[in-house]
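Below: one structure, written as structure tokens.
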Amino acid sequence: MFILVNLKAYPCDPLEVATAAHEVAEESGVRIAVAPQAADVRRVADTGVETWAQHVDPNGYGSHTGSTLAEAVAEAGADGTLINHSEKRLKLADIDGSVQAAARAGLETCVCANNPAQIGAVAALGPDSVAVEPPELIGGDDSVATADPDIVRDAVEAAANVDESVEVFCGAGISSGDDVDAAGDLGATGILLASGVAKADDPRAALEDLVEPL
């Protein structure tokens, strides 16, 4: 099971979370990554934790002021990137362009989508993984794995029908080891979460709880 912690733009200490994630990953043997703001990618990567960007744009080098260049975050130490998060929606053509840009830069990709139909559509673009995250559950107390388990099962099936090599992650409302366990039982191979760790009073304790059933 892969645990990907998205720090969004929360007022947390990215180095505290990254250090805790690195230590818990080393101690538990569970793969854990942290996705900080673009400005913090290099500092977070320097802690030794697996580091992801929150977004990359579909363009390459050139006159693209304000863009997040895949090559730039890779050079800063990122190993992968989220694409099309619910809070950073892209058109399908731009999702495709961002997946290709990430691939050129050697970044692993996880494309987010709202529902199984969208999961099937983005899986066809050839990302490494997809994450199903109903917007109404993001940041809430209810996990998609427990509040709407069918959407996870259907997302796994939708991705497999398109490309069996594309892994499916479970996002939205994940905050405990029980949520992680439930996601795995439904066929997810990873989880995508944010506030459960980034807003925790003790990020290390939150991470330890997440990996406990693994």
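By order in the structure tokens, chains are A, B, ...; within a chain, residues start at 1; ligands start at 1, following the order shown.
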- Residues at most 9 Å from Asp96 of chain A, counting only C-alpha atoms, excluding those fewer than 3 positions away in the same chain, as a PyMOL selection string? chain A and resi 58+91-93+99-101+122+125-127
Give me the segment 169-201 of chain A side of the contact with segment 18-42 of chain A, cut-off 10 Å, one line per residue showing its nearest atom pair and distance in Å at one decimal, counting only C-alpha atoms, sorted by chain and residue number, as a tab-separated table.
residue	atom	partner	partner_atom	distance
A:Gly190	CA	A:Arg31	CA	9.3
A:Ile191	CA	A:Ile32	CA	9.8
A:Leu192	CA	A:Ala33	CA	9.7
A:Leu193	CA	A:Val34	CA	9.9
A:Ala194	CA	A:Ala35	CA	9.2
A:Val197	CA	A:Ala21	CA	9.7
A:Ala198	CA	A:Val34	CA	9.9
- Query: With distances taken over only C-alpha atoms, which of A:Ser165, A:Ser129, A:Thr47, A:Ser176 is nearest to Ile83 of chain A?
  - Reply: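 Result for the nearest residue to Ile83 of chain A: A:Ser129.
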Quick one: residues within 12 Å of Asp179 of chain A, only C-alpha atoms, excluding same-chain residues fewer than 2 positions away - as an mmCIF file with N, CA and C atoms, in the first residue's frame?
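See around.cif below for the written result:
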data_model
loop_
_atom_site.group_PDB
_atom_site.id
_atom_site.type_symbol
_atom_site.label_atom_id
_atom_site.label_comp_id
_atom_site.auth_asym_id
_atom_site.auth_seq_id
_atom_site.Cartn_x
_atom_site.Cartn_y
_atom_site.Cartn_z
ATOM 1 N N ILE A 3 1.137 5.351 0.531
ATOM 2 C CA ILE A 3 0.485 6.467 1.208
ATOM 3 C C ILE A 3 1.084 7.767 0.685
ATOM 4 N N ASP A 141 -14.914 14.079 7.291
ATOM 5 C CA ASP A 141 -14.633 13.040 8.276
ATOM 6 C C ASP A 141 -14.977 11.650 7.769
ATOM 7 N N ASP A 142 -15.653 11.579 6.616
ATOM 8 C CA ASP A 142 -16.068 10.289 6.074
ATOM 9 C C ASP A 142 -15.155 9.877 4.936
ATOM 10 N N SER A 143 -14.609 8.679 5.041
ATOM 11 C CA SER A 143 -13.738 8.149 3.998
ATOM 12 C C SER A 143 -14.566 7.607 2.851
ATOM 13 N N VAL A 144 -14.088 7.809 1.625
ATOM 14 C CA VAL A 144 -14.775 7.246 0.470
ATOM 15 C C VAL A 144 -14.819 5.727 0.566
ATOM 16 N N ALA A 145 -13.824 5.128 1.203
ATOM 17 C CA ALA A 145 -13.769 3.669 1.322
ATOM 18 C C ALA A 145 -14.872 3.113 2.200
ATOM 19 N N THR A 146 -15.368 3.937 3.119
ATOM 20 C CA THR A 146 -16.439 3.483 3.992
ATOM 21 C C THR A 146 -17.773 4.145 3.666
ATOM 22 N N ALA A 147 -17.754 5.408 3.246
ATOM 23 C CA ALA A 147 -18.988 6.118 2.936
ATOM 24 C C ALA A 147 -19.590 5.667 1.611
ATOM 25 N N ASP A 148 -18.729 5.325 0.646
ATOM 26 C CA ASP A 148 -19.212 4.941 -0.682
ATOM 27 C C ASP A 148 -18.285 3.880 -1.276
ATOM 28 N N PRO A 149 -18.263 2.681 -0.673
ATOM 29 C CA PRO A 149 -17.315 1.656 -1.131
ATOM 30 C C PRO A 149 -17.510 1.249 -2.586
ATOM 31 N N CYS A 170 -7.121 5.463 -3.499
ATOM 32 C CA CYS A 170 -8.379 5.896 -2.898
ATOM 33 C C CYS A 170 -8.140 7.225 -2.194
ATOM 34 N N GLY A 171 -8.891 8.253 -2.560
ATOM 35 C CA GLY A 171 -8.735 9.563 -1.949
ATOM 36 C C GLY A 171 -10.034 10.035 -1.327
ATOM 37 N N ALA A 172 -9.969 11.114 -0.573
ATOM 38 C CA ALA A 172 -11.122 11.791 0.026
ATOM 39 C C ALA A 172 -11.500 11.193 1.372
ATOM 40 N N GLY A 173 -11.203 11.941 2.413
ATOM 41 C CA GLY A 173 -11.646 11.570 3.750
ATOM 42 C C GLY A 173 -10.833 10.513 4.462
ATOM 43 N N ILE A 174 -9.750 10.039 3.861
ATOM 44 C CA ILE A 174 -8.911 9.032 4.509
ATOM 45 C C ILE A 174 -8.191 9.671 5.697
ATOM 46 N N SER A 175 -8.304 9.046 6.878
ATOM 47 C CA SER A 175 -7.659 9.645 8.043
ATOM 48 C C SER A 175 -7.182 8.644 9.077
ATOM 49 N N SER A 176 -7.450 7.343 8.869
ATOM 50 C CA SER A 176 -7.086 6.373 9.894
ATOM 51 C C SER A 176 -6.607 5.069 9.269
ATOM 52 N N GLY A 177 -6.004 4.243 10.110
ATOM 53 C CA GLY A 177 -5.574 2.933 9.654
ATOM 54 C C GLY A 177 -6.734 2.089 9.180
ATOM 55 N N ASP A 181 -7.093 0.189 5.601
ATOM 56 C CA ASP A 181 -7.427 -1.227 5.523
ATOM 57 C C ASP A 181 -8.640 -1.434 4.618
ATOM 58 N N ALA A 182 -9.653 -0.597 4.782
ATOM 59 C CA ALA A 182 -10.864 -0.713 3.977
ATOM 60 C C ALA A 182 -10.569 -0.458 2.505
ATOM 61 N N ALA A 183 -9.724 0.532 2.222
ATOM 62 C CA ALA A 183 -9.369 0.834 0.836
ATOM 63 C C ALA A 183 -8.680 -0.356 0.175
ATOM 64 N N GLY A 184 -7.779 -0.997 0.914
ATOM 65 C CA GLY A 184 -7.096 -2.165 0.380
ATOM 66 C C GLY A 184 -8.048 -3.306 0.099
ATOM 67 N N ASP A 185 -9.013 -3.517 0.981
ATOM 68 C CA ASP A 185 -9.998 -4.588 0.795
ATOM 69 C C ASP A 185 -10.840 -4.364 -0.463
ATOM 70 N N LEU A 186 -10.984 -3.104 -0.849
ATOM 71 C CA LEU A 186 -11.791 -2.765 -2.035
ATOM 72 C C LEU A 186 -10.978 -2.807 -3.329
ATOM 73 N N ALA A 188 -7.924 -1.046 -3.829
ATOM 74 C CA ALA A 188 -6.992 0.080 -4.002
ATOM 75 C C ALA A 188 -5.591 -0.345 -3.577
ATOM 76 N N GLY A 190 -3.214 2.131 -3.086
ATOM 77 C CA GLY A 190 -2.637 3.304 -2.453
ATOM 78 C C GLY A 190 -3.734 4.211 -1.942
ATOM 79 N N ILE A 191 -3.349 5.169 -1.107
ATOM 80 C CA ILE A 191 -4.299 6.161 -0.627
ATOM 81 C C ILE A 191 -3.706 7.549 -0.825
ATOM 82 N N LEU A 192 -4.588 8.492 -1.035
ATOM 83 C CA LEU A 192 -4.218 9.891 -1.182
ATOM 84 C C LEU A 192 -4.955 10.657 -0.099
ATOM 85 N N LEU A 193 -4.216 11.313 0.793
ATOM 86 C CA LEU A 193 -4.860 12.056 1.861
ATOM 87 C C LEU A 193 -4.118 13.362 2.105
ATOM 88 N N GLY A 196 -5.748 14.750 7.163
ATOM 89 C CA GLY A 196 -5.543 13.778 8.223
ATOM 90 C C GLY A 196 -4.135 13.785 8.769
ATOM 91 N N ASP A 209 -0.538 5.674 12.836
ATOM 92 C CA ASP A 209 -1.878 5.083 12.847
ATOM 93 C C ASP A 209 -2.256 4.567 11.464
ATOM 94 N N LEU A 210 -1.875 5.304 10.434
ATOM 95 C CA LEU A 210 -2.201 4.899 9.066
ATOM 96 C C LEU A 210 -1.524 3.597 8.685
ATOM 97 N N VAL A 211 -0.274 3.414 9.091
ATOM 98 C CA VAL A 211 0.471 2.221 8.675
ATOM 99 C C VAL A 211 0.275 1.040 9.617
ATOM 100 N N GLU A 212 -0.360 1.264 10.780
ATOM 101 C CA GLU A 212 -0.476 0.205 11.783
ATOM 102 C C GLU A 212 -1.071 -1.091 11.230
ATOM 103 N N PRO A 213 -2.176 -1.033 10.441
ATOM 104 C CA PRO A 213 -2.740 -2.292 9.949
ATOM 105 C C PRO A 213 -1.937 -2.926 8.807
ATOM 106 N N LEU A 214 -0.938 -2.227 8.309
ATOM 107 C CA LEU A 214 -0.165 -2.747 7.185
ATOM 108 C C LEU A 214 1.038 -3.544 7.669
#
- Restricting the calculation to only C-alpha atoms, which member of A:Ala205, A:Asp150, A:Trp52, A:Leu82 is positioned closest to Val130 of chain A? A:Leu82
- Task: Kindly give the distance, in Å, that separates atom CA of Ala102 of chain A and atom CA of Gly80 of chain A, rounded to a single decimal.
- Result: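 Separating atom CA of Ala102 of chain A from atom CA of Gly80 of chain A is a distance of 7.8 Å.
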- Can you list, as a list of chain:residue names, every residue of segment 45-93 of chain A that DSSP puts in strand (DSSP E or B)?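 Secondary structure check on segment 45-93 of chain A, strand (DSSP E or B): A:Glu50, A:Thr51, A:Trp52, A:Ala53, A:Gly80, A:Thr81, A:Leu82, A:Ile83.
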Given the selection you just returned, output its residues as a file containing N, CA, C and O atoms, formatted as a PDB file, in the first residue's frame.
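Saved file out_26.pdb follows:
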ATOM      1  N   GLU A  50      10.272  10.280  -0.006  1.00  0.00           N
ATOM      2  CA  GLU A  50       9.827  10.318  -1.405  1.00  0.00           C
ATOM      3  C   GLU A  50       8.967  11.558  -1.587  1.00  0.00           C
ATOM      4  O   GLU A  50       8.046  11.813  -0.799  1.00  0.00           O
ATOM      5  N   THR A  51       9.263  12.344  -2.602  1.00  0.00           N
ATOM      6  CA  THR A  51       8.643  13.652  -2.767  1.00  0.00           C
ATOM      7  C   THR A  51       7.899  13.741  -4.092  1.00  0.00           C
ATOM      8  O   THR A  51       8.421  13.341  -5.131  1.00  0.00           O
ATOM      9  N   TRP A  52       6.680  14.272  -4.039  1.00  0.00           N
ATOM     10  CA  TRP A  52       5.868  14.459  -5.239  1.00  0.00           C
ATOM     11  C   TRP A  52       5.488  15.930  -5.377  1.00  0.00           C
ATOM     12  O   TRP A  52       5.365  16.642  -4.376  1.00  0.00           O
ATOM     13  N   ALA A  53       5.300  16.365  -6.612  1.00  0.00           N
ATOM     14  CA  ALA A  53       4.732  17.682  -6.865  1.00  0.00           C
ATOM     15  C   ALA A  53       3.207  17.574  -6.769  1.00  0.00           C
ATOM     16  O   ALA A  53       2.637  16.506  -6.967  1.00  0.00           O
ATOM     17  N   GLY A  80       7.534  12.150  -8.348  1.00  0.00           N
ATOM     18  CA  GLY A  80       6.263  11.975  -9.029  1.00  0.00           C
ATOM     19  C   GLY A  80       5.438  13.242  -8.935  1.00  0.00           C
ATOM     20  O   GLY A  80       5.863  14.243  -8.355  1.00  0.00           O
ATOM     21  N   THR A  81       4.233  13.187  -9.497  1.00  0.00           N
ATOM     22  CA  THR A  81       3.348  14.347  -9.443  1.00  0.00           C
ATOM     23  C   THR A  81       1.888  13.938  -9.491  1.00  0.00           C
ATOM     24  O   THR A  81       1.515  12.972 -10.170  1.00  0.00           O
ATOM     25  N   LEU A  82       1.071  14.679  -8.765  1.00  0.00           N
ATOM     26  CA  LEU A  82      -0.374  14.604  -8.929  1.00  0.00           C
ATOM     27  C   LEU A  82      -0.748  15.399 -10.174  1.00  0.00           C
ATOM     28  O   LEU A  82      -0.067  16.360 -10.538  1.00  0.00           O
ATOM     29  N   ILE A  83      -1.836  14.997 -10.794  1.00  0.00           N
ATOM     30  CA  ILE A  83      -2.371  15.715 -11.948  1.00  0.00           C
ATOM     31  C   ILE A  83      -3.896  15.719 -11.832  1.00  0.00           C
ATOM     32  O   ILE A  83      -4.494  14.689 -11.488  1.00  0.00           O
TER      33      ILE A  83
END
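Closest approach to Leu69 of chain A from the set A:Lys8, A:Arg153, A:His55, A:Arg89 is made by A:His55, with distances taken over only C-alpha atoms.
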